[in-house]
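Novice: Below you'll find run.cif; it's mmCIF, C-alpha atoms.
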data_target
#
loop_
_atom_site.group_PDB
_atom_site.id
_atom_site.type_symbol
_atom_site.label_atom_id
_atom_site.label_comp_id
_atom_site.auth_asym_id
_atom_site.auth_seq_id
_atom_site.Cartn_x
_atom_site.Cartn_y
_atom_site.Cartn_z
ATOM 1 C CA MET M 1 -50.248 -27.121 88.606
ATOM 2 C CA LEU M 2 -54.050 -27.077 88.435
ATOM 3 C CA HIS M 3 -54.124 -27.864 92.134
ATOM 4 C CA ILE M 4 -52.099 -24.699 92.940
ATOM 5 C CA PHE M 5 -54.333 -22.603 90.746
ATOM 6 C CA ASN M 6 -57.457 -23.938 92.528
ATOM 7 C CA LYS M 7 -55.920 -23.143 95.935
ATOM 8 C CA ILE M 8 -55.239 -19.545 94.823
ATOM 9 C CA LEU M 9 -58.826 -19.181 93.618
ATOM 10 C CA ASP M 10 -60.172 -20.587 96.922
ATOM 11 C CA TRP M 11 -58.000 -18.103 98.832
ATOM 12 C CA ILE M 12 -59.313 -15.194 96.726
ATOM 13 C CA TYR M 13 -62.942 -16.302 97.185
ATOM 14 C CA ASN M 14 -62.506 -16.520 100.966
ATOM 15 C CA LEU M 15 -61.103 -12.990 101.407
ATOM 16 C CA PRO M 16 -63.138 -10.653 103.626
ATOM 17 C CA ILE M 17 -65.347 -8.071 101.880
ATOM 18 C CA TRP M 18 -63.246 -5.135 103.084
ATOM 19 C CA VAL M 19 -60.320 -6.368 100.939
ATOM 20 C CA TYR M 20 -62.479 -6.054 97.819
ATOM 21 C CA ILE M 21 -63.659 -2.597 98.845
ATOM 22 C CA VAL M 22 -60.114 -1.368 99.547
ATOM 23 C CA SER M 23 -58.881 -2.887 96.289
ATOM 24 C CA GLY M 24 -61.646 -1.115 94.371
ATOM 25 C CA ILE M 25 -60.855 2.193 96.057
ATOM 26 C CA LEU M 26 -57.133 1.811 95.303
ATOM 27 C CA ILE M 27 -57.862 1.022 91.653
ATOM 28 C CA PHE M 28 -60.161 4.067 91.454
ATOM 29 C CA ILE M 29 -57.483 6.281 93.030
ATOM 30 C CA ALA M 30 -54.841 4.964 90.608
ATOM 31 C CA ILE M 31 -57.081 5.682 87.589
ATOM 32 C CA PHE M 32 -57.924 9.139 88.960
ATOM 33 C CA ILE M 33 -54.243 9.971 89.512
ATOM 34 C CA TYR M 34 -53.422 8.764 85.994
ATOM 35 C CA PHE M 35 -56.197 10.986 84.592
ATOM 36 C CA LEU M 36 -54.981 14.036 86.567
ATOM 37 C CA ARG M 37 -51.393 13.469 85.470
ATOM 38 C CA THR M 38 -52.445 13.136 81.825
ATOM 39 C CA GLN M 39 -54.469 16.376 82.047
ATOM 40 C CA TYR M 40 -51.577 18.157 83.760
ATOM 41 C CA LEU M 41 -49.098 17.091 81.066
ATOM 42 C CA GLU M 42 -51.521 18.050 78.286
ATOM 43 C CA ASN M 43 -52.035 21.491 79.865
ATOM 44 C CA LYS M 44 -48.259 21.992 80.168
ATOM 45 C CA LYS M 45 -47.887 21.080 76.491
ATOM 46 C CA ARG M 46 -50.609 23.578 75.538
ATOM 47 C CA GLU M 47 -49.011 26.320 77.629
ATOM 48 C CA LYS M 48 -45.649 25.665 75.975
ATOM 49 C CA ILE M 49 -47.235 25.967 72.514
ATOM 50 C CA LYS M 50 -48.926 29.236 73.572
ATOM 51 C CA GLU M 51 -45.633 30.615 74.908
ATOM 52 C CA ASP M 52 -43.758 29.627 71.728
ATOM 53 C CA ILE M 53 -46.315 31.328 69.463
ATOM 54 C CA LYS M 54 -46.376 34.452 71.651
ATOM 55 C CA ALA M 55 -42.551 34.600 71.580
ATOM 56 C CA LYS M 56 -42.517 34.272 67.778
ATOM 57 C CA VAL M 57 -45.075 37.047 67.354
ATOM 58 C CA GLN M 58 -43.198 39.264 69.822
ATOM 59 C CA GLY M 59 -39.957 38.543 67.965
ATOM 60 C CA LEU M 60 -41.644 39.592 64.728
ATOM 61 C CA ALA M 61 -43.066 42.709 66.375
ATOM 62 C CA ASN M 62 -39.602 43.700 67.575
ATOM 63 C CA ASN M 63 -38.097 43.172 64.108
ATOM 64 C CA ALA M 64 -35.876 40.592 65.794
ATOM 65 C CA VAL M 65 -37.180 37.552 63.944
ATOM 66 C CA GLU M 66 -37.171 36.821 60.251
ATOM 67 C CA MET M 67 -39.196 33.952 58.893
ATOM 68 C CA SER M 68 -40.239 32.422 55.613
ATOM 69 C CA PRO M 69 -43.856 32.606 54.450
ATOM 70 C CA GLU M 70 -44.186 28.881 55.168
ATOM 71 C CA GLU M 71 -42.983 29.325 58.758
ATOM 72 C CA PHE M 72 -45.267 32.326 59.136
ATOM 73 C CA MET M 73 -48.333 30.457 57.879
ATOM 74 C CA ALA M 74 -47.586 27.437 60.068
ATOM 75 C CA MET M 75 -47.292 29.733 63.093
ATOM 76 C CA ARG M 76 -50.476 31.551 62.128
ATOM 77 C CA LYS M 77 -52.453 28.305 61.750
ATOM 78 C CA THR M 78 -51.429 26.848 65.122
ATOM 79 C CA THR M 79 -54.422 26.231 67.396
ATOM 80 C CA LEU M 80 -55.085 24.187 70.487
ATOM 81 C CA GLY M 81 -57.851 22.046 69.158
ATOM 82 C CA GLY M 82 -57.965 21.743 65.424
ATOM 83 C CA ARG M 83 -60.409 23.180 62.940
ATOM 84 C CA GLY M 84 -62.774 25.854 64.172
ATOM 85 C CA ASN M 85 -60.601 26.981 67.063
ATOM 86 C CA PRO M 86 -58.948 30.395 66.937
ATOM 87 C CA SER M 87 -55.338 30.819 65.893
ATOM 88 C CA LEU M 88 -53.007 31.410 68.833
ATOM 89 C CA ALA M 89 -50.976 33.927 66.842
ATOM 90 C CA LEU M 90 -54.053 36.042 66.100
ATOM 91 C CA GLU M 91 -54.512 36.549 69.856
ATOM 92 C CA HIS M 92 -51.332 38.663 69.634
ATOM 93 C CA ASN M 93 -52.069 40.565 66.404
ATOM 94 C CA PHE M 94 -50.714 44.124 66.431
ATOM 95 C CA ALA M 95 -50.482 47.342 64.434
ATOM 96 C CA GLY M 96 -47.253 47.822 62.539
ATOM 97 C CA VAL M 97 -45.245 47.751 59.354
ATOM 98 C CA TYR M 98 -44.182 44.589 57.567
ATOM 99 C CA ILE M 99 -41.177 44.084 55.323
ATOM 100 C CA LEU M 100 -41.502 41.392 52.660
ATOM 101 C CA TYR M 101 -38.166 40.651 51.036
ATOM 102 C CA ASN M 102 -37.901 38.693 47.793
ATOM 103 C CA LYS M 103 -34.474 37.081 48.172
ATOM 104 C CA THR M 104 -34.583 35.762 44.611
ATOM 105 C CA LYS M 105 -34.999 39.209 43.015
ATOM 106 C CA ASN M 106 -33.550 41.364 45.810
ATOM 107 C CA MET M 107 -36.770 43.409 46.036
ATOM 108 C CA TYR M 108 -38.736 44.703 49.021
ATOM 109 C CA TYR M 109 -42.393 45.365 49.647
ATOM 110 C CA ILE M 110 -43.266 47.485 52.652
ATOM 111 C CA GLY M 111 -46.809 47.763 53.982
ATOM 112 C CA GLN M 112 -48.736 48.655 57.097
ATOM 113 C CA ALA M 113 -51.748 47.251 58.918
ATOM 114 C CA GLN M 114 -53.700 47.513 62.132
ATOM 115 C CA LEU M 115 -53.903 43.694 62.162
ATOM 116 C CA ILE M 116 -50.523 42.931 60.659
ATOM 117 C CA LEU M 117 -50.639 39.135 60.848
ATOM 118 C CA ASN M 118 -53.838 39.075 58.796
ATOM 119 C CA ARG M 119 -52.416 41.486 56.220
ATOM 120 C CA VAL M 120 -49.151 39.607 55.716
ATOM 121 C CA ASN M 121 -51.109 36.389 55.292
ATOM 122 C CA ALA M 122 -53.210 38.089 52.595
ATOM 123 C CA HIS M 123 -50.107 38.806 50.495
ATOM 124 C CA PHE M 124 -49.147 35.127 50.390
ATOM 125 C CA THR M 125 -52.667 33.846 49.734
ATOM 126 C CA GLY M 126 -53.483 36.042 46.731
ATOM 127 C CA LYS M 127 -55.425 38.801 48.481
ATOM 128 C CA GLY M 128 -52.669 41.408 48.723
ATOM 129 C CA ASN M 129 -50.078 42.803 46.337
ATOM 130 C CA GLY M 130 -50.493 40.829 43.101
ATOM 131 C CA ASP M 131 -46.828 41.113 42.096
ATOM 132 C CA VAL M 132 -45.638 39.759 45.451
ATOM 133 C CA TYR M 133 -48.119 36.892 45.282
ATOM 134 C CA ALA M 134 -47.207 36.006 41.682
ATOM 135 C CA ASP M 135 -43.494 35.888 42.498
ATOM 136 C CA TYR M 136 -44.162 33.796 45.613
ATOM 137 C CA LYS M 137 -46.526 31.466 43.758
ATOM 138 C CA TYR M 138 -43.967 30.849 41.015
ATOM 139 C CA GLY M 139 -41.204 29.931 43.434
ATOM 140 C CA ASP M 140 -39.341 33.066 44.515
ATOM 141 C CA SER M 141 -37.931 32.876 48.039
ATOM 142 C CA PHE M 142 -39.258 35.447 50.547
ATOM 143 C CA THR M 143 -38.624 36.472 54.130
ATOM 144 C CA ILE M 144 -40.946 38.372 56.453
ATOM 145 C CA ARG M 145 -40.019 40.929 59.097
ATOM 146 C CA MET M 146 -42.237 43.245 61.123
ATOM 147 C CA ILE M 147 -41.996 46.341 63.254
ATOM 148 C CA ALA M 148 -44.685 47.094 65.831
ATOM 149 C CA LEU M 149 -45.802 50.709 65.854
ATOM 150 C CA SER M 150 -45.827 50.718 69.651
ATOM 151 C CA ARG M 151 -42.097 49.855 69.779
ATOM 152 C CA SER M 152 -40.934 51.941 66.810
ATOM 153 C CA GLY M 153 -40.653 55.452 68.202
ATOM 154 C CA PHE M 154 -42.977 56.758 65.461
ATOM 155 C CA SER M 155 -46.364 58.291 66.182
ATOM 156 C CA SER M 156 -48.301 56.874 63.219
ATOM 157 C CA LEU M 157 -48.277 53.913 60.880
ATOM 158 C CA ASN M 158 -48.055 56.264 57.892
ATOM 159 C CA GLU M 159 -44.917 57.899 59.266
ATOM 160 C CA LEU M 160 -43.310 54.550 60.092
ATOM 161 C CA GLU M 161 -44.213 53.075 56.691
ATOM 162 C CA ARG M 162 -42.784 56.081 54.783
ATOM 163 C CA HIS M 163 -39.564 55.814 56.778
ATOM 164 C CA ILE M 164 -39.174 52.073 56.091
ATOM 165 C CA ILE M 165 -39.991 52.462 52.368
ATOM 166 C CA MET M 166 -37.287 55.125 52.175
ATOM 167 C CA THR M 167 -34.813 53.020 54.188
ATOM 168 C CA TYR M 168 -35.173 50.005 51.894
ATOM 169 C CA ASP M 169 -35.677 52.097 48.722
ATOM 170 C CA ALA M 170 -38.788 49.991 48.073
ATOM 171 C CA PHE M 171 -40.394 52.658 45.853
ATOM 172 C CA ALA M 172 -37.540 52.927 43.350
ATOM 173 C CA LYS M 173 -36.226 49.351 43.540
ATOM 174 C CA GLY M 174 -39.058 47.332 45.019
ATOM 175 C CA TYR M 175 -42.721 46.463 44.721
ATOM 176 C CA ASN M 176 -44.078 49.663 46.304
ATOM 177 C CA LYS M 177 -45.969 51.913 43.877
ATOM 178 C CA THR M 178 -45.947 54.920 46.232
ATOM 179 C CA ARG M 179 -43.630 56.373 48.847
ATOM 180 C CA GLY M 180 -46.238 55.565 51.494
ATOM 181 C CA ASN M 181 -49.444 57.097 52.810
ATOM 182 C CA LYS M 182 -49.501 60.776 53.812
#
Before we go any further, please render this structure as structure tokens.
Specialist:
Amino acid sequence: MLHIFNKILDWIYNLPIWVYIVSGILIFIAIFIYFLRTQYLENKKREKIKEDIKAKVQGLANNAVEMSPEEFMAMRKTTLGGRGNPSLALEHNFAGVYILYNKTKNMYYIGQAQLILNRVNAHFTGKGNGDVYADYKYGDSFTIRMIALSRSGFSSLNELERHIIMTYDAFAKGYNKTRGNK
């Protein structure tokens, strides 16, 4: 067995130099192709994440998607690189009206914002309506819906907000303290 191994080694040592050069080039090409393929797949994955986040935000803007605060915050936190990188959802922030529904108490809170994703986040992190936050913090179940001003048919956020507060009766039977801004 050792004899066969020695013959193989002798054969390898006696190969012409061009074989080593070609082998090195082929190994380099294989590593380069592997690197390109890995980068391509990583970029496709990133693009898919971007498309998913954009679709979720557009669904919210069209009042076609309803999500829990936990789903909302997970979507809002999604980045393509970890801490310090901007949120993908915030690239698609929009002006509109949000509808926070407390499923536990059957109560609504309607609000408006130029940067709606930031404002909704504030309500569930203690920087918005204190009653909404307290109920959320102590375990009430909420859903979030949104309507983009640009797709609503209304000319101002105030007008859209007043209409939605009236529609959901959020002043009389909800968290809203006014009928909306004038």
Novice: Name the residues that the PyMOL selection byres ((chain M and resi 119) around 12) picks from the file above, as JSON, numbers by chain, using the file's chain letters and numbers.
Specialist: {"M": [72, 73, 76, 90, 93, 94, 95, 96, 97, 98, 99, 100, 110, 111, 112, 113, 114, 115, 116, 117, 118, 120, 121, 122, 123, 124, 125, 126, 127, 128, 129, 144, 146]}
Novice: What is the distance between CA of Gln58 in chain M and CA of Ser150 in chain M, in Å to one decimal?
Specialist: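 It comes out at 11.8 Å.
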Novice: Quick one: which residues end up in the PyMOL selection byres ((chain M and resi 169) around 12) for this structure, as a PyMOL selection string?
Specialist: chain M and resi 99+101+106-110+161-168+170-180
Novice: For CA of Leu160 in chain M and CA of Asp52 in chain M, quote the distance in Å rounded to one decimal.
Specialist: 27.5 Å
Novice: Which residue gives the smallest distance to Lys105 in chain M among M:Ala30, M:Thr79, M:Asp135, M:Ser87, with all atoms listed in the file counted?
Specialist: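 Result for the nearest residue to Lys105 in chain M: M:Asp135.
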Novice: Return as an mmCIF file with C-alpha atoms, in the frame of the given file the set of residues that the PyMOL selection byres ((chain M and resi 37-51) around 10) yields on the displayed structure.
Specialist:
data_model
loop_
_atom_site.group_PDB
_atom_site.id
_atom_site.type_symbol
_atom_site.label_atom_id
_atom_site.label_comp_id
_atom_site.auth_asym_id
_atom_site.auth_seq_id
_atom_site.Cartn_x
_atom_site.Cartn_y
_atom_site.Cartn_z
ATOM 1 C CA ILE M 31 -57.081 5.682 87.589
ATOM 2 C CA PHE M 32 -57.924 9.139 88.960
ATOM 3 C CA ILE M 33 -54.243 9.971 89.512
ATOM 4 C CA TYR M 34 -53.422 8.764 85.994
ATOM 5 C CA PHE M 35 -56.197 10.986 84.592
ATOM 6 C CA LEU M 36 -54.981 14.036 86.567
ATOM 7 C CA ASP M 52 -43.758 29.627 71.728
ATOM 8 C CA ILE M 53 -46.315 31.328 69.463
ATOM 9 C CA LYS M 54 -46.376 34.452 71.651
ATOM 10 C CA ALA M 55 -42.551 34.600 71.580
ATOM 11 C CA LYS M 56 -42.517 34.272 67.778
ATOM 12 C CA VAL M 57 -45.075 37.047 67.354
ATOM 13 C CA THR M 78 -51.429 26.848 65.122
ATOM 14 C CA THR M 79 -54.422 26.231 67.396
ATOM 15 C CA LEU M 80 -55.085 24.187 70.487
ATOM 16 C CA GLY M 81 -57.851 22.046 69.158
ATOM 17 C CA LEU M 88 -53.007 31.410 68.833
ATOM 18 C CA ALA M 89 -50.976 33.927 66.842
ATOM 19 C CA GLU M 91 -54.512 36.549 69.856
#
Novice: For Glu66 in chain M, please output as a compact mmCIF listing (two decimals) with C-alpha atoms, in the frame of the given file all residues within 7 Å (counting all atoms listed in the file; exclusion window: fewer than 4 positions along the same chain).
Specialist:
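Output saved as out_8.txt:
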# COMPACT_ATOMS: atom_id res chain seq x y z
CA LEU M 60 -41.64 39.59 64.73
CA THR M 143 -38.62 36.47 54.13
CA ILE M 144 -40.95 38.37 56.45
CA ARG M 145 -40.02 40.93 59.10
